[in-house]
Amino acid sequence: MSLSVGKVLASLDGNRTKDEDGKEVKVEGKIYKDYLQLDNLLSNVDLMSAKHGPPVHDEHLFIIIHQTYELWFRQIIYEIDSVRAYLNLPVVGEESMLTIIQRLNRVALIWKTAVEQFAILETMTPMAFMEFRCYLAPGSGFQSLQFRIIENKLGQKMESRVNQHNIIESFQDEDSKQQIAKSLSEPSLCDLLIRWLERTPGLEQEGFNFPRRYAQAVHAFLADELAEMEDEQDPEKRKGILAEIKKQKDTFESLLNEERHNERMQKNERRLSYGAFMGALMVSCYSETPRFHLPHQLLTILMDIDSLMTKWRYNHVMLAQRMLGSKTGTGGSSGYMYLRSTVSDRYKVFLDIFNTSSFIIPRQYIPPLTSAMRHTLHSVSEDTNGDLLDRRY
């Protein structure tokens, strides 16, 4: 009889559980090292230097650190897959949202740990690294299958990558190529986020119509800025203020004009659809309302993950420069120069969420909520039987 993980209840002695039918079943546990398969795990440190002469001490550290990264990558993939499954539901309720935030926060903390682990690798000197570097070729961090899968599952677009044509070709075995292709074919976290944001309550034209009200608020804000400039007597200051107002107007128009927004999407300058961008902006403007509190946390954590991955790439760049200088990488890349090119906004999957800050207007100009919209963002619906329904985001 199979046991349902979600319904198993442990008894006092720890060796008996109840199955989904409520029947008591004895479970044979395992001791610590067998449960974790430590004999298998800890035997996978094979020093190449020891096979060709005296073992190089720091090669052991190098292997352990990179194996640790791969274990963390496996956990990140596990968490991202679960989050994608939740976001792929037709309705994402409050309970689901709490789980999503918990698991993405875990991903962020793992990346924070991964960033900090570079400090351990930096205890190795360039001379020590040189003693075993020859055994790494043609290996390269570029060949980390799990890291590529993480990028794909998050939503890193192929056309935004440096050396995009080498992503699949860098893997020799057919299984790895199939895993890469599969991760590219599935809806990414970013794709699912876009669909979810497009369903933000308040975007409907026949309802609150946030895009229209926001456009009116922006025009009022810019008009007041222009009127304030008229009071400035200094010609040079007036010129500077006018230039700044024009710059702000152009920035706002790139979003208020849906056609211009879509043009920027076609040029890969923006990722979120018009509706999704407006949804993210609305969540930011009304983040203090109960309905948008959790979605705002989600958007914040996604920015945290992007920032931490950028820091991870940067630390990788600095480590490569510290160890190699301008030498070519073991996998044939340009080494430091290639890695440096990956530390840029083109590798930020959720860049548009960062950029919503460009469109935030002073609080007094944010469109006031109608009574119906206030009720939507501040209340929890109940059915006729009085059962509490999930809030629907």
# chains A, B, ... in the order shown; residues from 1 in each chain; ligands from 1
$ residues_around --residues "Glu116 (chain A)" --least-positions-apart "3" --cutoff "12 Å" --atoms "only C-alpha atoms" --output "mmCIF file with C-alpha atoms, in the first residue's frame"
data_model
loop_
_atom_site.group_PDB
_atom_site.id
_atom_site.type_symbol
_atom_site.label_atom_id
_atom_site.label_comp_id
_atom_site.auth_asym_id
_atom_site.auth_seq_id
_atom_site.Cartn_x
_atom_site.Cartn_y
_atom_site.Cartn_z
ATOM 1 C CA ILE A 65 33.207 23.835 -3.487
ATOM 2 C CA TYR A 69 27.400 24.537 -5.870
ATOM 3 C CA LEU A 109 18.902 32.541 0.599
ATOM 4 C CA ILE A 110 20.605 29.706 -1.283
ATOM 5 C CA TRP A 111 21.983 32.210 -3.789
ATOM 6 C CA LYS A 112 23.168 34.390 -0.896
ATOM 7 C CA THR A 113 25.026 31.388 0.505
ATOM 8 C CA ALA A 119 35.291 33.781 -0.038
ATOM 9 C CA ILE A 120 36.354 30.201 0.717
ATOM 10 C CA LEU A 121 37.687 29.682 -2.814
ATOM 11 C CA GLU A 122 39.595 32.953 -2.538
ATOM 12 C CA LEU A 308 22.061 37.780 -6.058
ATOM 13 C CA MET A 309 22.669 35.977 -9.345
ATOM 14 C CA LYS A 311 26.517 39.200 -7.506
ATOM 15 C CA TRP A 312 27.343 35.507 -8.024
ATOM 16 C CA ARG A 313 28.449 36.239 -11.600
ATOM 17 C CA TYR A 314 30.474 39.235 -10.427
ATOM 18 C CA ASN A 315 32.233 37.185 -7.735
ATOM 19 C CA HIS A 316 32.973 34.562 -10.392
#
$ residues_around --residues "Asn88 (chain A)" --least-positions-apart "5" --cutoff "9 Å" --atoms "only C-alpha atoms" --output "compact mmCIF listing (two decimals) with all heavy atoms, in the first residue's frame"
# COMPACT_ATOMS: atom_id res chain seq x y z
N VAL A 83 7.38 26.16 -7.78
CA VAL A 83 6.78 27.49 -7.91
C VAL A 83 6.11 27.63 -9.27
O VAL A 83 5.00 28.18 -9.39
CB VAL A 83 7.85 28.59 -7.71
CG1 VAL A 83 7.31 29.95 -8.11
CG2 VAL A 83 8.30 28.61 -6.26
N PRO A 187 7.18 26.51 -20.23
CA PRO A 187 6.95 27.89 -19.77
C PRO A 187 7.89 28.22 -18.62
O PRO A 187 7.98 27.47 -17.65
CB PRO A 187 5.49 27.86 -19.30
CG PRO A 187 4.88 26.69 -19.96
CD PRO A 187 5.97 25.67 -20.11
N LEU A 192 5.25 32.58 -16.82
CA LEU A 192 4.10 32.37 -15.93
C LEU A 192 3.81 33.63 -15.12
O LEU A 192 2.64 33.93 -14.84
CB LEU A 192 4.37 31.18 -15.01
CG LEU A 192 4.52 29.83 -15.73
CD1 LEU A 192 5.01 28.76 -14.77
CD2 LEU A 192 3.20 29.40 -16.37
N LEU A 193 4.86 34.35 -14.74
CA LEU A 193 4.68 35.60 -14.02
C LEU A 193 3.92 36.61 -14.89
O LEU A 193 3.02 37.32 -14.40
CB LEU A 193 6.03 36.18 -13.61
CG LEU A 193 5.99 37.53 -12.89
CD1 LEU A 193 5.50 37.36 -11.47
CD2 LEU A 193 7.37 38.21 -12.91
N ARG A 195 1.76 35.99 -17.32
CA ARG A 195 0.35 35.59 -17.39
C ARG A 195 -0.38 35.97 -16.11
O ARG A 195 -1.52 36.44 -16.13
CB ARG A 195 0.24 34.08 -17.60
CG ARG A 195 0.81 33.57 -18.91
CD ARG A 195 0.61 32.05 -18.97
NE ARG A 195 1.48 31.42 -19.95
CZ ARG A 195 1.60 30.11 -20.09
NH1 ARG A 195 0.89 29.30 -19.30
NH2 ARG A 195 2.41 29.60 -21.00
N TRP A 196 0.29 35.76 -14.98
CA TRP A 196 -0.32 36.05 -13.68
C TRP A 196 -0.54 37.55 -13.49
O TRP A 196 -1.61 37.98 -13.06
CB TRP A 196 0.59 35.48 -12.59
CG TRP A 196 0.19 35.79 -11.20
CD1 TRP A 196 -0.89 35.32 -10.51
CD2 TRP A 196 0.89 36.65 -10.30
NE1 TRP A 196 -0.90 35.83 -9.24
CE2 TRP A 196 0.18 36.64 -9.07
CE3 TRP A 196 2.07 37.41 -10.39
CZ2 TRP A 196 0.60 37.38 -7.97
CZ3 TRP A 196 2.48 38.14 -9.30
CH2 TRP A 196 1.75 38.12 -8.10
$ residues_around --residues "His60 (chain A)" --least-positions-apart "3" --cutoff "12 Å" --atoms "only C-alpha atoms" --output "list of chain:residue names"
A:Leu42, A:Asn44, A:Val45, A:Asp46, A:Leu47, A:Met48, A:Ser49, A:Ala50, A:Pro55, A:Val56, A:His57, A:Ile63, A:Ile64, A:Ile65, A:His66, A:Gln67, A:Leu121, A:Met124, A:Ala128, A:Phe129, A:Phe132
$ residues_around --residues "region 357-370 of chain A" --least-positions-apart "5" --cutoff "8 Å" --atoms "only C-alpha atoms" --output "mmCIF file with C-alpha atoms, in the first residue's frame"
data_model
loop_
_atom_site.group_PDB
_atom_site.id
_atom_site.type_symbol
_atom_site.label_atom_id
_atom_site.label_comp_id
_atom_site.auth_asym_id
_atom_site.auth_seq_id
_atom_site.Cartn_x
_atom_site.Cartn_y
_atom_site.Cartn_z
ATOM 1 C CA PHE A 208 -11.261 50.379 -12.355
ATOM 2 C CA ARG A 213 -6.413 56.504 -14.351
ATOM 3 C CA TYR A 214 -2.628 56.222 -14.086
ATOM 4 C CA ALA A 217 -2.375 61.053 -12.873
ATOM 5 C CA VAL A 218 0.918 61.235 -14.795
ATOM 6 C CA ALA A 220 -1.477 65.981 -13.802
ATOM 7 C CA PHE A 221 1.927 65.384 -12.177
ATOM 8 C CA THR A 251 9.964 57.955 -20.105
ATOM 9 C CA PHE A 252 6.290 57.917 -19.149
ATOM 10 C CA LEU A 281 3.105 48.907 -11.498
ATOM 11 C CA CYS A 285 1.383 51.682 -6.244
#
$ atom_distance --atom1 "CA of Met265 (chain A)" --atom2 "CA of Ser82 (chain A)"
28.2 Å
$ residues_around --residues "region 222-234 of chain A" --least-positions-apart "6" --cutoff "12 Å" --atoms "only C-alpha atoms" --output "PyMOL selection string"
chain A and resi 215-216+240-253+361-362+365
$ residues_around --residues "Met282 (chain A)" --least-positions-apart "4" --cutoff "10 Å" --atoms "only C-alpha atoms" --output "list in words"
Leu197, Thr200, Pro201, Gly202, Leu203, Phe210, Pro211, Tyr214, Ala276, Phe277, Met278, Tyr286, Ser287, Phe292, His296, Thr356, Ile360 and Ile366 of chain A
$ closest_residue --among "A:Trp72, A:Thr125, A:Lys182, A:Asp39" --to "Ala108 (chain A)" --atoms "only C-alpha atoms"
A:Trp72
$ closest_residue --among "A:Ser273, A:Gln146, A:Thr376, A:Asn262" --to "Cys190 (chain A)" --atoms "only C-alpha atoms"
A:Ser273
$ closest_residue --among "A:Glu269, A:Arg238, A:Glu131, A:Gly22" --to "Asp345 (chain A)" --atoms "only C-alpha atoms"
A:Glu269
$ closest_residue --among "A:Tyr35, A:Thr17, A:Lys153, A:Pro126" --to "Leu324 (chain A)" --atoms "only C-alpha atoms"
A:Pro126
$ closest_atom_pairs --of "region 221-332 of chain A" --to "region 89-94 of chain A" --cutoff "10 Å" --atoms "only C-alpha atoms" --output "Markdown table"
| residue | atom | partner | partner_atom | distance |
| --- | --- | --- | --- | --- |
| A:Arg291 | CA | A:Glu94 | CA | 9.0 |
| A:Leu294 | CA | A:Glu94 | CA | 8.0 |
| A:Pro295 | CA | A:Glu94 | CA | 9.6 |
$ write_last_selection --atoms "N, CA, C and O atoms" --output "compact mmCIF listing (two decimals), in the first residue's frame"
# COMPACT_ATOMS: atom_id res chain seq x y z
N ARG A 291 -4.74 42.96 -0.37
CA ARG A 291 -4.78 42.08 -1.54
C ARG A 291 -3.44 42.06 -2.28
O ARG A 291 -3.06 41.04 -2.87
N LEU A 294 1.05 40.39 -0.57
CA LEU A 294 1.83 39.21 -0.94
C LEU A 294 2.38 39.29 -2.36
O LEU A 294 3.55 38.95 -2.58
N PRO A 295 1.59 39.74 -3.35
CA PRO A 295 2.17 39.91 -4.69
C PRO A 295 3.37 40.85 -4.69
O PRO A 295 4.34 40.63 -5.42
$ decode --residues "region 348-374 of chain A" --atoms "N, CA and C atoms" --output "PDB file, in the first residue's frame"
ATOM      1  N   LYS A 348      19.610  39.948 -16.551  1.00  0.00           N
ATOM      2  CA  LYS A 348      18.579  40.062 -15.520  1.00  0.00           C
ATOM      3  C   LYS A 348      17.233  39.674 -16.130  1.00  0.00           C
ATOM      4  N   VAL A 349      16.678  38.593 -15.645  1.00  0.00           N
ATOM      5  CA  VAL A 349      15.402  38.102 -16.172  1.00  0.00           C
ATOM      6  C   VAL A 349      14.265  39.041 -15.808  1.00  0.00           C
ATOM      7  N   PHE A 350      14.309  39.604 -14.606  1.00  0.00           N
ATOM      8  CA  PHE A 350      13.208  40.420 -14.106  1.00  0.00           C
ATOM      9  C   PHE A 350      13.556  41.912 -14.092  1.00  0.00           C
ATOM     10  N   LEU A 351      14.286  42.339 -15.095  1.00  0.00           N
ATOM     11  CA  LEU A 351      14.719  43.740 -15.188  1.00  0.00           C
ATOM     12  C   LEU A 351      13.537  44.697 -15.212  1.00  0.00           C
ATOM     13  N   ASP A 352      12.451  44.311 -15.879  1.00  0.00           N
ATOM     14  CA  ASP A 352      11.284  45.196 -15.961  1.00  0.00           C
ATOM     15  C   ASP A 352      10.701  45.496 -14.586  1.00  0.00           C
ATOM     16  N   ILE A 353      10.804  44.536 -13.667  1.00  0.00           N
ATOM     17  CA  ILE A 353      10.283  44.779 -12.322  1.00  0.00           C
ATOM     18  C   ILE A 353      11.130  45.843 -11.626  1.00  0.00           C
ATOM     19  N   PHE A 354      12.456  45.774 -11.809  1.00  0.00           N
ATOM     20  CA  PHE A 354      13.323  46.838 -11.292  1.00  0.00           C
ATOM     21  C   PHE A 354      12.888  48.185 -11.861  1.00  0.00           C
ATOM     22  N   ASN A 355      12.603  48.191 -13.154  1.00  0.00           N
ATOM     23  CA  ASN A 355      12.340  49.443 -13.856  1.00  0.00           C
ATOM     24  C   ASN A 355      10.957  50.023 -13.608  1.00  0.00           C
ATOM     25  N   THR A 356      10.095  49.301 -12.892  1.00  0.00           N
ATOM     26  CA  THR A 356       8.803  49.915 -12.548  1.00  0.00           C
ATOM     27  C   THR A 356       9.021  51.151 -11.677  1.00  0.00           C
ATOM     28  N   SER A 357      10.157  51.201 -10.969  1.00  0.00           N
ATOM     29  CA  SER A 357      10.458  52.370 -10.131  1.00  0.00           C
ATOM     30  C   SER A 357      10.578  53.644 -10.962  1.00  0.00           C
ATOM     31  N   SER A 358      10.917  53.499 -12.244  1.00  0.00           N
ATOM     32  CA  SER A 358      11.019  54.673 -13.121  1.00  0.00           C
ATOM     33  C   SER A 358       9.671  55.336 -13.328  1.00  0.00           C
ATOM     34  N   PHE A 359       8.587  54.596 -13.056  1.00  0.00           N
ATOM     35  CA  PHE A 359       7.242  55.093 -13.350  1.00  0.00           C
ATOM     36  C   PHE A 359       6.425  55.359 -12.090  1.00  0.00           C
ATOM     37  N   ILE A 360       7.089  55.284 -10.935  1.00  0.00           N
ATOM     38  CA  ILE A 360       6.400  55.615  -9.690  1.00  0.00           C
ATOM     39  C   ILE A 360       6.258  57.129  -9.580  1.00  0.00           C
ATOM     40  N   ILE A 361       5.053  57.582  -9.283  1.00  0.00           N
ATOM     41  CA  ILE A 361       4.792  59.022  -9.120  1.00  0.00           C
ATOM     42  C   ILE A 361       4.560  59.315  -7.640  1.00  0.00           C
ATOM     43  N   PRO A 362       4.681  60.585  -7.221  1.00  0.00           N
ATOM     44  CA  PRO A 362       4.472  60.919  -5.805  1.00  0.00           C
ATOM     45  C   PRO A 362       3.126  60.397  -5.303  1.00  0.00           C
ATOM     46  N   ARG A 363       3.099  60.009  -4.050  1.00  0.00           N
ATOM     47  CA  ARG A 363       1.922  59.364  -3.469  1.00  0.00           C
ATOM     48  C   ARG A 363       0.643  60.168  -3.682  1.00  0.00           C
ATOM     49  N   GLN A 364       0.727  61.512  -3.612  1.00  0.00           N
ATOM     50  CA  GLN A 364      -0.491  62.320  -3.708  1.00  0.00           C
ATOM     51  C   GLN A 364      -1.120  62.275  -5.101  1.00  0.00           C
ATOM     52  N   TYR A 365      -0.363  61.793  -6.083  1.00  0.00           N
ATOM     53  CA  TYR A 365      -0.898  61.725  -7.447  1.00  0.00           C
ATOM     54  C   TYR A 365      -1.438  60.325  -7.796  1.00  0.00           C
ATOM     55  N   ILE A 366      -1.146  59.341  -6.955  1.00  0.00           N
ATOM     56  CA  ILE A 366      -1.623  57.992  -7.240  1.00  0.00           C
ATOM     57  C   ILE A 366      -3.151  57.993  -7.253  1.00  0.00           C
ATOM     58  N   PRO A 367      -3.775  57.455  -8.291  1.00  0.00           N
ATOM     59  CA  PRO A 367      -5.242  57.498  -8.409  1.00  0.00           C
ATOM     60  C   PRO A 367      -5.924  56.907  -7.180  1.00  0.00           C
ATOM     61  N   PRO A 368      -6.872  57.644  -6.588  1.00  0.00           N
ATOM     62  CA  PRO A 368      -7.603  57.100  -5.438  1.00  0.00           C
ATOM     63  C   PRO A 368      -8.470  55.920  -5.863  1.00  0.00           C
ATOM     64  N   LEU A 369      -8.609  54.958  -4.975  1.00  0.00           N
ATOM     65  CA  LEU A 369      -9.411  53.785  -5.276  1.00  0.00           C
ATOM     66  C   LEU A 369     -10.901  54.119  -5.200  1.00  0.00           C
ATOM     67  N   THR A 370     -11.664  53.561  -6.110  1.00  0.00           N
ATOM     68  CA  THR A 370     -13.110  53.683  -6.021  1.00  0.00           C
ATOM     69  C   THR A 370     -13.588  52.798  -4.872  1.00  0.00           C
ATOM     70  N   SER A 371     -14.820  52.994  -4.440  1.00  0.00           N
ATOM     71  CA  SER A 371     -15.337  52.178  -3.335  1.00  0.00           C
ATOM     72  C   SER A 371     -15.327  50.696  -3.700  1.00  0.00           C
ATOM     73  N   ALA A 372     -15.669  50.391  -4.959  1.00  0.00           N
ATOM     74  CA  ALA A 372     -15.685  48.988  -5.401  1.00  0.00           C
ATOM     75  C   ALA A 372     -14.271  48.415  -5.409  1.00  0.00           C
ATOM     76  N   MET A 373     -13.297  49.194  -5.897  1.00  0.00           N
ATOM     77  CA  MET A 373     -11.916  48.724  -5.958  1.00  0.00           C
ATOM     78  C   MET A 373     -11.321  48.613  -4.567  1.00  0.00           C
ATOM     79  N   ARG A 374     -11.707  49.545  -3.686  1.00  0.00           N
ATOM     80  CA  ARG A 374     -11.218  49.477  -2.305  1.00  0.00           C
ATOM     81  C   ARG A 374     -11.724  48.201  -1.632  1.00  0.00           C
TER      82      ARG A 374
END
